[in-house]
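Shown next: target-v7.tsv, given as TSV, C-alpha atoms.
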```tsv
chain	number	residue	atom	x	y	z
A	9	MET	CA	0.00	0.00	0.00
A	10	LYS	CA	1.23	3.46	-0.89
A	11	LYS	CA	1.21	5.66	2.18
A	12	THR	CA	0.27	9.33	2.34
A	13	ARG	CA	3.42	11.43	2.48
A	14	ILE	CA	3.30	13.78	5.47
A	15	ALA	CA	5.36	16.85	6.36
A	16	VAL	CA	5.14	18.18	9.92
A	17	LEU	CA	5.70	21.92	10.48
A	18	VAL	CA	7.05	22.87	13.91
A	19	SER	CA	8.47	25.83	15.82
A	20	GLY	CA	9.47	24.61	19.27
A	21	GLY	CA	9.85	21.55	21.46
A	22	GLY	CA	7.90	19.25	19.19
A	23	THR	CA	5.76	17.32	21.70
A	24	ASN	CA	2.95	17.02	19.13
A	25	LEU	CA	5.51	15.89	16.55
A	26	GLN	CA	6.63	13.24	19.05
A	27	ALA	CA	3.04	12.05	19.41
A	28	LEU	CA	2.88	11.63	15.62
A	29	LEU	CA	6.25	9.85	15.45
A	30	ASP	CA	5.18	7.52	18.30
A	31	ALA	CA	1.89	6.80	16.54
A	32	GLN	CA	3.74	5.92	13.34
A	33	HIS	CA	6.18	3.71	15.26
A	34	SER	CA	3.40	1.84	17.09
A	35	GLY	CA	1.31	1.24	13.95
A	36	LYS	CA	-1.41	3.78	14.73
A	37	LEU	CA	-0.69	5.70	11.51
A	38	PRO	CA	-0.83	2.84	8.99
A	39	HIS	CA	-1.86	5.03	6.04
A	40	GLY	CA	0.66	7.82	6.63
A	41	GLU	CA	4.41	8.28	6.66
A	42	ILE	CA	6.25	11.34	8.01
A	43	VAL	CA	8.78	12.14	5.30
A	44	ALA	CA	10.02	15.56	6.46
A	45	VAL	CA	9.97	17.95	9.42
A	46	ILE	CA	10.23	21.70	8.74
A	47	SER	CA	10.90	24.17	11.54
A	48	SER	CA	10.43	27.93	11.51
A	49	GLN	CA	13.13	28.15	14.22
A	50	ILE	CA	16.71	27.05	13.58
A	51	ASP	CA	17.26	25.82	17.14
A	52	ALA	CA	13.89	24.08	17.68
A	53	TYR	CA	14.23	20.90	19.75
A	54	ALA	CA	11.68	19.34	17.40
A	55	LEU	CA	14.50	19.00	14.83
A	56	ASP	CA	16.40	16.81	17.32
A	57	ARG	CA	13.30	14.64	17.69
A	58	ALA	CA	13.11	14.29	13.90
A	59	ALA	CA	16.79	13.34	13.70
A	60	LYS	CA	16.38	10.70	16.44
A	61	ALA	CA	13.50	9.20	14.47
A	62	GLY	CA	15.53	9.22	11.25
A	63	VAL	CA	13.29	11.80	9.56
A	64	PRO	CA	14.94	14.59	7.51
A	65	GLY	CA	14.61	17.94	9.29
A	66	TYR	CA	14.98	21.47	7.91
A	67	ALA	CA	14.88	25.00	9.29
A	68	VAL	CA	13.24	27.72	7.21
A	69	SER	CA	13.58	31.06	8.98
A	70	ARG	CA	11.37	33.96	7.96
A	71	LYS	CA	13.75	36.34	9.74
A	72	GLU	CA	16.69	35.15	7.65
A	73	LEU	CA	14.73	35.05	4.41
A	74	GLY	CA	13.31	38.51	4.97
A	75	SER	CA	9.71	38.14	3.83
A	76	GLN	CA	6.60	35.97	4.12
A	77	GLU	CA	6.81	35.21	0.38
A	78	ALA	CA	10.41	33.93	0.61
A	79	PHE	CA	9.55	31.98	3.79
A	80	GLU	CA	6.59	30.23	2.20
A	81	ALA	CA	8.53	29.63	-1.02
A	82	GLY	CA	11.21	27.88	1.05
A	83	ILE	CA	8.61	25.65	2.68
A	84	SER	CA	6.92	24.96	-0.68
A	85	ARG	CA	10.23	23.88	-2.23
A	86	LEU	CA	10.73	21.28	0.50
A	87	LEU	CA	7.12	20.07	0.22
A	88	ALA	CA	7.63	19.59	-3.52
A	89	GLN	CA	11.01	17.93	-3.03
A	90	TYR	CA	9.49	15.32	-0.69
A	91	ARG	CA	6.27	14.98	-2.78
A	92	VAL	CA	4.25	15.81	0.33
A	93	GLU	CA	0.50	15.18	0.22
A	94	LEU	CA	-0.52	16.22	3.75
A	95	VAL	CA	0.86	19.06	5.89
A	96	ILE	CA	0.44	18.93	9.68
A	97	LEU	CA	1.04	22.01	11.82
A	98	ALA	CA	2.28	20.80	15.21
A	99	GLY	CA	3.02	23.84	17.35
A	100	PHE	CA	3.87	25.87	14.25
A	101	MET	CA	3.92	29.51	15.33
A	102	SER	CA	3.76	31.25	11.95
A	103	ILE	CA	0.51	32.22	10.25
A	104	LEU	CA	0.43	30.97	6.67
A	105	SER	CA	-0.92	33.30	3.99
A	106	GLU	CA	-4.08	32.75	1.98
A	107	ASN	CA	-1.85	32.37	-1.06
A	108	PHE	CA	-0.20	29.34	0.61
A	109	THR	CA	-3.26	27.73	2.21
A	110	ARG	CA	-5.26	28.00	-1.03
A	111	GLN	CA	-2.81	25.60	-2.66
A	112	TRP	CA	-3.56	22.95	-0.01
A	113	PRO	CA	-7.36	22.69	0.33
A	114	HIS	CA	-8.23	20.10	3.00
A	115	ARG	CA	-4.57	19.09	3.08
A	116	ILE	CA	-3.29	21.14	6.06
A	117	LEU	CA	-4.17	20.05	9.60
A	118	ASN	CA	-3.66	22.07	12.77
A	119	VAL	CA	-4.20	21.27	16.43
A	120	HIS	CA	-5.49	24.10	18.63
A	121	PRO	CA	-5.44	23.82	22.45
A	122	ALA	CA	-9.09	24.81	23.02
A	123	LEU	CA	-12.56	23.83	21.87
A	124	ILE	CA	-13.01	26.06	18.82
A	125	PRO	CA	-14.84	28.48	18.52
A	126	SER	CA	-13.74	29.32	22.08
A	127	PHE	CA	-10.34	30.95	22.69
A	128	CYS	CA	-9.16	30.94	19.11
A	129	GLY	CA	-8.13	33.30	16.34
A	130	LYS	CA	-5.42	35.94	16.16
A	131	GLY	CA	-3.04	36.00	19.13
A	132	MET	CA	-4.50	32.85	20.65
A	133	TYR	CA	-1.62	30.39	20.84
A	134	GLY	CA	0.43	28.58	23.47
A	135	LEU	CA	-0.18	29.65	27.06
A	136	HIS	CA	-2.33	32.62	25.96
A	137	VAL	CA	-5.15	30.16	25.21
A	138	HIS	CA	-5.05	28.57	28.67
A	139	GLU	CA	-4.72	31.94	30.40
A	140	ALA	CA	-7.86	33.09	28.57
A	141	ALA	CA	-9.75	29.92	29.52
A	142	LEU	CA	-8.86	30.33	33.20
A	143	ARG	CA	-9.74	34.05	33.13
A	144	LYS	CA	-13.16	33.19	31.74
A	145	GLY	CA	-13.69	30.54	34.40
A	146	VAL	CA	-14.74	27.74	32.03
A	147	LYS	CA	-15.10	24.30	33.61
A	148	VAL	CA	-14.28	22.43	30.42
A	149	THR	CA	-11.66	23.12	27.76
A	150	GLY	CA	-9.92	20.76	25.36
A	151	ALA	CA	-8.33	20.58	21.94
A	152	THR	CA	-9.49	20.79	18.33
A	153	VAL	CA	-7.95	19.43	15.14
A	154	HIS	CA	-9.14	21.38	12.12
A	155	PHE	CA	-8.30	21.94	8.49
A	156	VAL	CA	-6.39	25.16	7.85
A	157	ASN	CA	-7.74	27.88	5.59
A	158	GLU	CA	-6.98	31.58	5.24
A	159	ILE	CA	-8.71	32.46	8.56
A	160	PRO	CA	-6.66	31.69	11.72
A	161	ASP	CA	-8.38	28.71	13.42
A	162	GLY	CA	-11.25	29.15	10.93
A	163	GLY	CA	-11.12	25.91	8.93
A	164	GLU	CA	-13.49	22.95	9.12
A	165	ILE	CA	-13.31	21.05	12.42
A	166	LEU	CA	-12.27	17.41	12.18
A	167	LEU	CA	-11.98	16.20	15.79
A	168	GLN	CA	-12.48	17.63	19.28
A	169	LYS	CA	-11.91	16.30	22.77
A	170	ALA	CA	-12.96	17.90	26.05
A	171	VAL	CA	-10.66	18.20	29.07
A	172	GLU	CA	-11.78	19.18	32.55
A	173	VAL	CA	-10.50	22.37	34.17
A	174	LEU	CA	-9.60	21.62	37.79
A	175	PRO	CA	-9.57	23.92	40.84
A	176	GLY	CA	-6.11	25.38	41.36
A	177	ASP	CA	-5.12	25.03	37.72
A	178	THR	CA	-2.40	27.32	36.43
A	179	PRO	CA	-2.01	27.96	32.68
A	180	GLU	CA	1.00	25.60	32.71
A	181	LEU	CA	-0.86	22.78	34.48
A	182	LEU	CA	-3.83	23.15	32.18
A	183	GLN	CA	-1.59	23.22	29.09
A	184	GLN	CA	0.04	19.95	30.13
A	185	ARG	CA	-3.29	18.23	30.79
A	186	VAL	CA	-4.76	19.39	27.47
A	187	MET	CA	-1.67	18.09	25.65
A	188	GLU	CA	-1.70	14.70	27.39
A	189	GLN	CA	-5.44	14.08	27.36
A	190	ALA	CA	-6.38	15.66	24.05
A	191	GLU	CA	-3.72	17.01	21.66
A	192	TRP	CA	-1.41	13.99	21.66
A	193	GLN	CA	-4.37	11.67	21.06
A	194	LEU	CA	-6.33	13.73	18.54
A	195	LEU	CA	-3.51	14.72	16.20
A	196	PRO	CA	-2.42	11.15	15.31
A	197	GLN	CA	-6.09	10.13	14.96
A	198	ALA	CA	-6.75	13.00	12.57
A	199	ALA	CA	-3.54	12.32	10.64
A	200	GLU	CA	-4.64	8.71	10.11
A	201	LEU	CA	-8.20	9.71	9.13
A	202	VAL	CA	-7.03	12.12	6.45
A	203	SER	CA	-4.14	9.89	5.30
A	204	ALA	CA	-6.52	6.96	4.82
A	205	GLN	CA	-8.86	9.17	2.76
A	206	ILE	CA	-5.98	10.40	0.56
A	207	VAL	CA	-4.85	6.79	-0.06
A	208	LYS	CA	-8.45	5.77	-0.90
A	209	ASP	CA	-8.84	8.72	-3.32
A	210	LYS	CA	-5.59	7.75	-5.08
A	211	GLU	CA	-6.62	4.13	-5.43
A	212	ASP	CA	-10.08	4.99	-6.73
A	213	PRO	CA	-10.08	8.54	-8.10
A	214	HIS	CA	-13.61	8.19	-9.52
A	215	ASP	CA	-15.19	7.15	-6.23
```
Could the structure of this file be written out as structure tokens, please?
Amino acid sequence: MKKTRIAVLVSGGGTNLQALLDAQHSGKLPHGEIVAVISSQIDAYALDRAAKAGVPGYAVSRKELGSQEAFEAGISRLLAQYRVELVILAGFMSILSENFTRQWPHRILNVHPALIPSFCGKGMYGLHVHEAALRKGVKVTGATVHFVNEIPDGGEILLQKAVEVLPGDTPELLQQRVMEQAEWQLLPQAAELVSAQIVKDKEDPHD
């Protein structure tokens, strides 16, 4: 069986990347194969994780390249080089332009650490999301995997999982629980769902 060729885009520690690599290793991603990891930060620990797993890793720095166009062109070159069919944003801290996302309809996945439409959109990333949830006093939060379009966190929702907010939670504690109970489970599941569909479409394009 031909597997769906996946590139994972990262910016930091790469815990969501690790969840994907672990899923692939344990057979939970039978229809997908991670063929490249691309980081927006040169010193991202996620690149070490890729190297340990034997996956080619690259840094494409917007700061060094000087513009969004050059940055996205650098990413696009690598995606073409590795014949990538599915792009997964795993803690990727750069917003991609409409020009870029339009070329990948229903082929870019992102995980967001809240139940969209709550606590999402511009400026809502990392700890900011959990700080906002705690400020609001919600009793339940969670994570969402969605397709990426030109609107930040605005694409079609694929999977969601709720996580309880506990008394005494700090943003850091809540972030860790949401990652463990939701993000690290949902992202591999979504990757397999979409990968399986891509494989099916290739095998029977008229279906």
Please, what distance in Å, to one decimal, runs between atom CA of A:Asp56 and atom CA of A:Gly21?
->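 Computed distance, atom CA of A:Asp56 to atom CA of A:Gly21, equals 9.1 Å.
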Find the residues around A:Glu188 up to 12 Å (only C-alpha atoms counted), leave out those fewer than 2 positions away in its own chain, and share them as a ChimeraX atom specification.
-> /A:23-24,26-27,121,150-151,169-171,181-186,190-195
Do a neighbour search on A:Val207 at 10 Å with all atoms listed in the file, toss out local chain neighbours closer than 5 positions, and write the hits as a PyMOL selection string.
-> chain A and resi 9-13+39-40+93+202+212-213
Next, write the just-selected residues to a file, as a PDB file, in the frame of the given file, keeping C-alpha atoms as the atom set.
```pdb
ATOM      1  CA  MET A   9       0.000   0.000   0.000  1.00  0.00           C
ATOM      2  CA  LYS A  10       1.230   3.460  -0.890  1.00  0.00           C
ATOM      3  CA  LYS A  11       1.210   5.660   2.180  1.00  0.00           C
ATOM      4  CA  THR A  12       0.270   9.330   2.340  1.00  0.00           C
ATOM      5  CA  ARG A  13       3.420  11.430   2.480  1.00  0.00           C
ATOM      6  CA  HIS A  39      -1.860   5.030   6.040  1.00  0.00           C
ATOM      7  CA  GLY A  40       0.660   7.820   6.630  1.00  0.00           C
ATOM      8  CA  GLU A  93       0.500  15.180   0.220  1.00  0.00           C
ATOM      9  CA  VAL A 202      -7.030  12.120   6.450  1.00  0.00           C
ATOM     10  CA  ASP A 212     -10.080   4.990  -6.730  1.00  0.00           C
ATOM     11  CA  PRO A 213     -10.080   8.540  -8.100  1.00  0.00           C
TER      12      PRO A 213
END
```
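Among A:Phe108, A:Lys147, A:Thr152, A:Ala67, the residue with the shortest atom-to-atom distance to A:Cys128, counting only C-alpha atoms, is A:Thr152.
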In file coordinates, which residues lie within 10 Å of (16.7, 20.2, 16.1) using all atoms listed in the file, given as a compact mmCIF listing (two decimals) with C-alpha atoms, in the coordinates of the input?
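Written output follows (point10.txt):
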```txt
# COMPACT_ATOMS: atom_id res chain seq x y z
CA SER A 19 8.47 25.83 15.82
CA GLY A 20 9.47 24.61 19.27
CA GLY A 21 9.85 21.55 21.46
CA GLY A 22 7.90 19.25 19.19
CA VAL A 45 9.97 17.95 9.42
CA ILE A 46 10.23 21.70 8.74
CA SER A 47 10.90 24.17 11.54
CA GLN A 49 13.13 28.15 14.22
CA ILE A 50 16.71 27.05 13.58
CA ASP A 51 17.26 25.82 17.14
CA ALA A 52 13.89 24.08 17.68
CA TYR A 53 14.23 20.90 19.75
CA ALA A 54 11.68 19.34 17.40
CA LEU A 55 14.50 19.00 14.83
CA ASP A 56 16.40 16.81 17.32
CA ARG A 57 13.30 14.64 17.69
CA ALA A 58 13.11 14.29 13.90
CA ALA A 59 16.79 13.34 13.70
CA LYS A 60 16.38 10.70 16.44
CA GLY A 65 14.61 17.94 9.29
CA TYR A 66 14.98 21.47 7.91
CA ALA A 67 14.88 25.00 9.29
```
Excluding A:Lys130 and residues on its chain fewer than 4 positions from it, collect all residues at most 12 Å away from it, counting all atoms listed in the file, and give them as a ChimeraX atom specification.
-> /A:101-103,134,136-137,158-162
Nearest-residue call for A:Glu77, choices A:Asn107, A:Val92, A:Leu97, A:Val153, using only C-alpha atoms |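 Smallest distance to A:Glu77 is found for A:Asn107.
The shortest atom-to-atom distance to A:Ser203, with all atoms listed in the file taken into account, belongs to A:Arg115 out of A:Arg70, A:His33, A:Arg115, A:Arg110.
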Rounded to one decimal place, report the atom CA of A:Val68-atom CA of A:Glu41 distance in Å.
-> 21.4 Å
Would you mind reading off the distance between atom CA of A:Pro38 and atom CA of A:Ile83, one decimal, in Å?
-> 25.5 Å
If you take all atoms listed in the file and a cut-off of 9 Å, which residues of stretch 69-127 of chain A touch stretch 139-142 of chain A, and what are their nearest atom pairs and distances in Å to one decimal, in chain and number order, as a tab-separated table?
```
residue	atom	partner	partner_atom	distance
A:Ala122	CA	A:Ala141	CA	8.3
A:Ser126	CA	A:Ala141	CA	8.5
A:Phe127	CA	A:Ala140	CA	6.7
```
Identify which of the residues A:Asp30, A:Val16, A:Ser75, A:Ile42 lies closest to A:Asn118, counting all atoms listed in the file when measuring atom-to-atom distances.
-> A:Val16
Would you compute the box with edges along x, y and z of the file around stretch 144-148 of chain A, including every atom the file lists for it and 3 Å extra on each side, and give its centre and edge lengths in Å to one decimal, as lines of an AutoDock Vina configuration file?
```
center_x = -14.1
center_y = 27.8
center_z = 32.4
size_x = 7.9
size_y = 16.8
size_z = 10.0
```
Pick from A:Asp177, A:Glu80, A:Glu72, A:Glu164, whichever lies nearest to A:His114 using all atoms listed in the file |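 Selected residue with least distance to A:His114: A:Glu164.
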Given only C-alpha atoms as the counted atoms, nearest of A:Gln32, A:Gln189, A:Ser105, A:Gln168 to A:His154 | A:Gln168
Can you rebuild stretch 43-54 of chain A with all heavy atoms and give it as a PDB file, keeping the file's coordinate frame?
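File written: out_36.pdb
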```pdb
ATOM      1  N   VAL A  43       7.606  12.154   6.176  1.00  0.00           N
ATOM      2  CA  VAL A  43       8.780  12.140   5.300  1.00  0.00           C
ATOM      3  C   VAL A  43       9.700  13.341   5.521  1.00  0.00           C
ATOM      4  O   VAL A  43      10.853  13.339   5.099  1.00  0.00           O
ATOM      5  CB  VAL A  43       8.378  12.065   3.801  1.00  0.00           C
ATOM      6  CG1 VAL A  43       7.679  10.733   3.511  1.00  0.00           C
ATOM      7  CG2 VAL A  43       7.497  13.235   3.394  1.00  0.00           C
ATOM      8  N   ALA A  44       9.189  14.382   6.199  1.00  0.00           N
ATOM      9  CA  ALA A  44      10.020  15.560   6.460  1.00  0.00           C
ATOM     10  C   ALA A  44       9.452  16.367   7.624  1.00  0.00           C
ATOM     11  O   ALA A  44       8.236  16.376   7.835  1.00  0.00           O
ATOM     12  CB  ALA A  44      10.109  16.455   5.220  1.00  0.00           C
ATOM     13  N   VAL A  45      10.361  17.015   8.358  1.00  0.00           N
ATOM     14  CA  VAL A  45       9.970  17.950   9.420  1.00  0.00           C
ATOM     15  C   VAL A  45      10.591  19.302   9.076  1.00  0.00           C
ATOM     16  O   VAL A  45      11.783  19.386   8.769  1.00  0.00           O
ATOM     17  CB  VAL A  45      10.451  17.463  10.803  1.00  0.00           C
ATOM     18  CG1 VAL A  45      10.223  18.535  11.870  1.00  0.00           C
ATOM     19  CG2 VAL A  45       9.730  16.167  11.197  1.00  0.00           C
ATOM     20  N   ILE A  46       9.760  20.355   9.089  1.00  0.00           N
ATOM     21  CA  ILE A  46      10.230  21.700   8.740  1.00  0.00           C
ATOM     22  C   ILE A  46       9.975  22.624   9.910  1.00  0.00           C
ATOM     23  O   ILE A  46       8.837  22.730  10.389  1.00  0.00           O
ATOM     24  CB  ILE A  46       9.510  22.223   7.473  1.00  0.00           C
ATOM     25  CG1 ILE A  46       9.693  21.248   6.302  1.00  0.00           C
ATOM     26  CG2 ILE A  46      10.025  23.610   7.102  1.00  0.00           C
ATOM     27  CD1 ILE A  46       8.799  21.538   5.103  1.00  0.00           C
ATOM     28  N   SER A  47      11.026  23.274  10.385  1.00  0.00           N
ATOM     29  CA  SER A  47      10.900  24.170  11.540  1.00  0.00           C
ATOM     30  C   SER A  47      11.081  25.622  11.137  1.00  0.00           C
ATOM     31  O   SER A  47      11.931  25.948  10.310  1.00  0.00           O
ATOM     32  CB  SER A  47      11.964  23.801  12.589  1.00  0.00           C
ATOM     33  OG  SER A  47      11.981  24.778  13.610  1.00  0.00           O
ATOM     34  N   SER A  48      10.284  26.493  11.758  1.00  0.00           N
ATOM     35  CA  SER A  48      10.430  27.930  11.510  1.00  0.00           C
ATOM     36  C   SER A  48      11.533  28.533  12.397  1.00  0.00           C
ATOM     37  O   SER A  48      11.883  29.691  12.246  1.00  0.00           O
ATOM     38  CB  SER A  48       9.111  28.654  11.771  1.00  0.00           C
ATOM     39  OG  SER A  48       8.745  28.508  13.136  1.00  0.00           O
ATOM     40  N   GLN A  49      12.044  27.706  13.330  1.00  0.00           N
ATOM     41  CA  GLN A  49      13.130  28.150  14.220  1.00  0.00           C
ATOM     42  C   GLN A  49      14.341  27.240  14.028  1.00  0.00           C
ATOM     43  O   GLN A  49      14.208  26.014  14.087  1.00  0.00           O
ATOM     44  CB  GLN A  49      12.693  28.101  15.698  1.00  0.00           C
ATOM     45  CG  GLN A  49      11.468  28.948  16.015  1.00  0.00           C
ATOM     46  CD  GLN A  49      11.740  30.430  15.935  1.00  0.00           C
ATOM     47  OE1 GLN A  49      12.857  30.883  16.147  1.00  0.00           O
ATOM     48  NE2 GLN A  49      10.715  31.208  15.601  1.00  0.00           N
ATOM     49  N   ILE A  50      15.509  27.840  13.861  1.00  0.00           N
ATOM     50  CA  ILE A  50      16.710  27.050  13.580  1.00  0.00           C
ATOM     51  C   ILE A  50      17.079  26.132  14.732  1.00  0.00           C
ATOM     52  O   ILE A  50      17.561  25.016  14.531  1.00  0.00           O
ATOM     53  CB  ILE A  50      17.878  28.016  13.226  1.00  0.00           C
ATOM     54  CG1 ILE A  50      17.608  28.646  11.842  1.00  0.00           C
ATOM     55  CG2 ILE A  50      19.225  27.313  13.206  1.00  0.00           C
ATOM     56  CD1 ILE A  50      18.341  29.904  11.564  1.00  0.00           C
ATOM     57  N   ASP A  51      16.822  26.593  15.967  1.00  0.00           N
ATOM     58  CA  ASP A  51      17.260  25.820  17.140  1.00  0.00           C
ATOM     59  C   ASP A  51      16.128  25.045  17.808  1.00  0.00           C
ATOM     60  O   ASP A  51      16.232  24.662  18.972  1.00  0.00           O
ATOM     61  CB  ASP A  51      17.929  26.756  18.167  1.00  0.00           C
ATOM     62  CG  ASP A  51      17.010  27.909  18.569  1.00  0.00           C
ATOM     63  OD1 ASP A  51      15.903  28.015  17.981  1.00  0.00           O
ATOM     64  OD2 ASP A  51      17.388  28.693  19.455  1.00  0.00           O
ATOM     65  N   ALA A  52      15.037  24.787  17.093  1.00  0.00           N
ATOM     66  CA  ALA A  52      13.890  24.080  17.680  1.00  0.00           C
ATOM     67  C   ALA A  52      14.292  22.651  18.076  1.00  0.00           C
ATOM     68  O   ALA A  52      14.898  21.929  17.286  1.00  0.00           O
ATOM     69  CB  ALA A  52      12.732  24.038  16.698  1.00  0.00           C
ATOM     70  N   TYR A  53      13.916  22.255  19.285  1.00  0.00           N
ATOM     71  CA  TYR A  53      14.230  20.900  19.750  1.00  0.00           C
ATOM     72  C   TYR A  53      13.501  19.843  18.902  1.00  0.00           C
ATOM     73  O   TYR A  53      13.944  18.692  18.813  1.00  0.00           O
ATOM     74  CB  TYR A  53      13.862  20.741  21.234  1.00  0.00           C
ATOM     75  CG  TYR A  53      14.217  19.375  21.774  1.00  0.00           C
ATOM     76  CD1 TYR A  53      15.559  18.971  21.847  1.00  0.00           C
ATOM     77  CD2 TYR A  53      13.242  18.476  22.170  1.00  0.00           C
ATOM     78  CE1 TYR A  53      15.900  17.710  22.307  1.00  0.00           C
ATOM     79  CE2 TYR A  53      13.569  17.211  22.636  1.00  0.00           C
ATOM     80  CZ  TYR A  53      14.904  16.830  22.700  1.00  0.00           C
ATOM     81  OH  TYR A  53      15.235  15.577  23.152  1.00  0.00           O
ATOM     82  N   ALA A  54      12.409  20.268  18.278  1.00  0.00           N
ATOM     83  CA  ALA A  54      11.680  19.340  17.400  1.00  0.00           C
ATOM     84  C   ALA A  54      12.583  18.753  16.315  1.00  0.00           C
ATOM     85  O   ALA A  54      12.401  17.602  15.905  1.00  0.00           O
ATOM     86  CB  ALA A  54      10.502  20.077  16.752  1.00  0.00           C
TER      87      ALA A  54
END
```
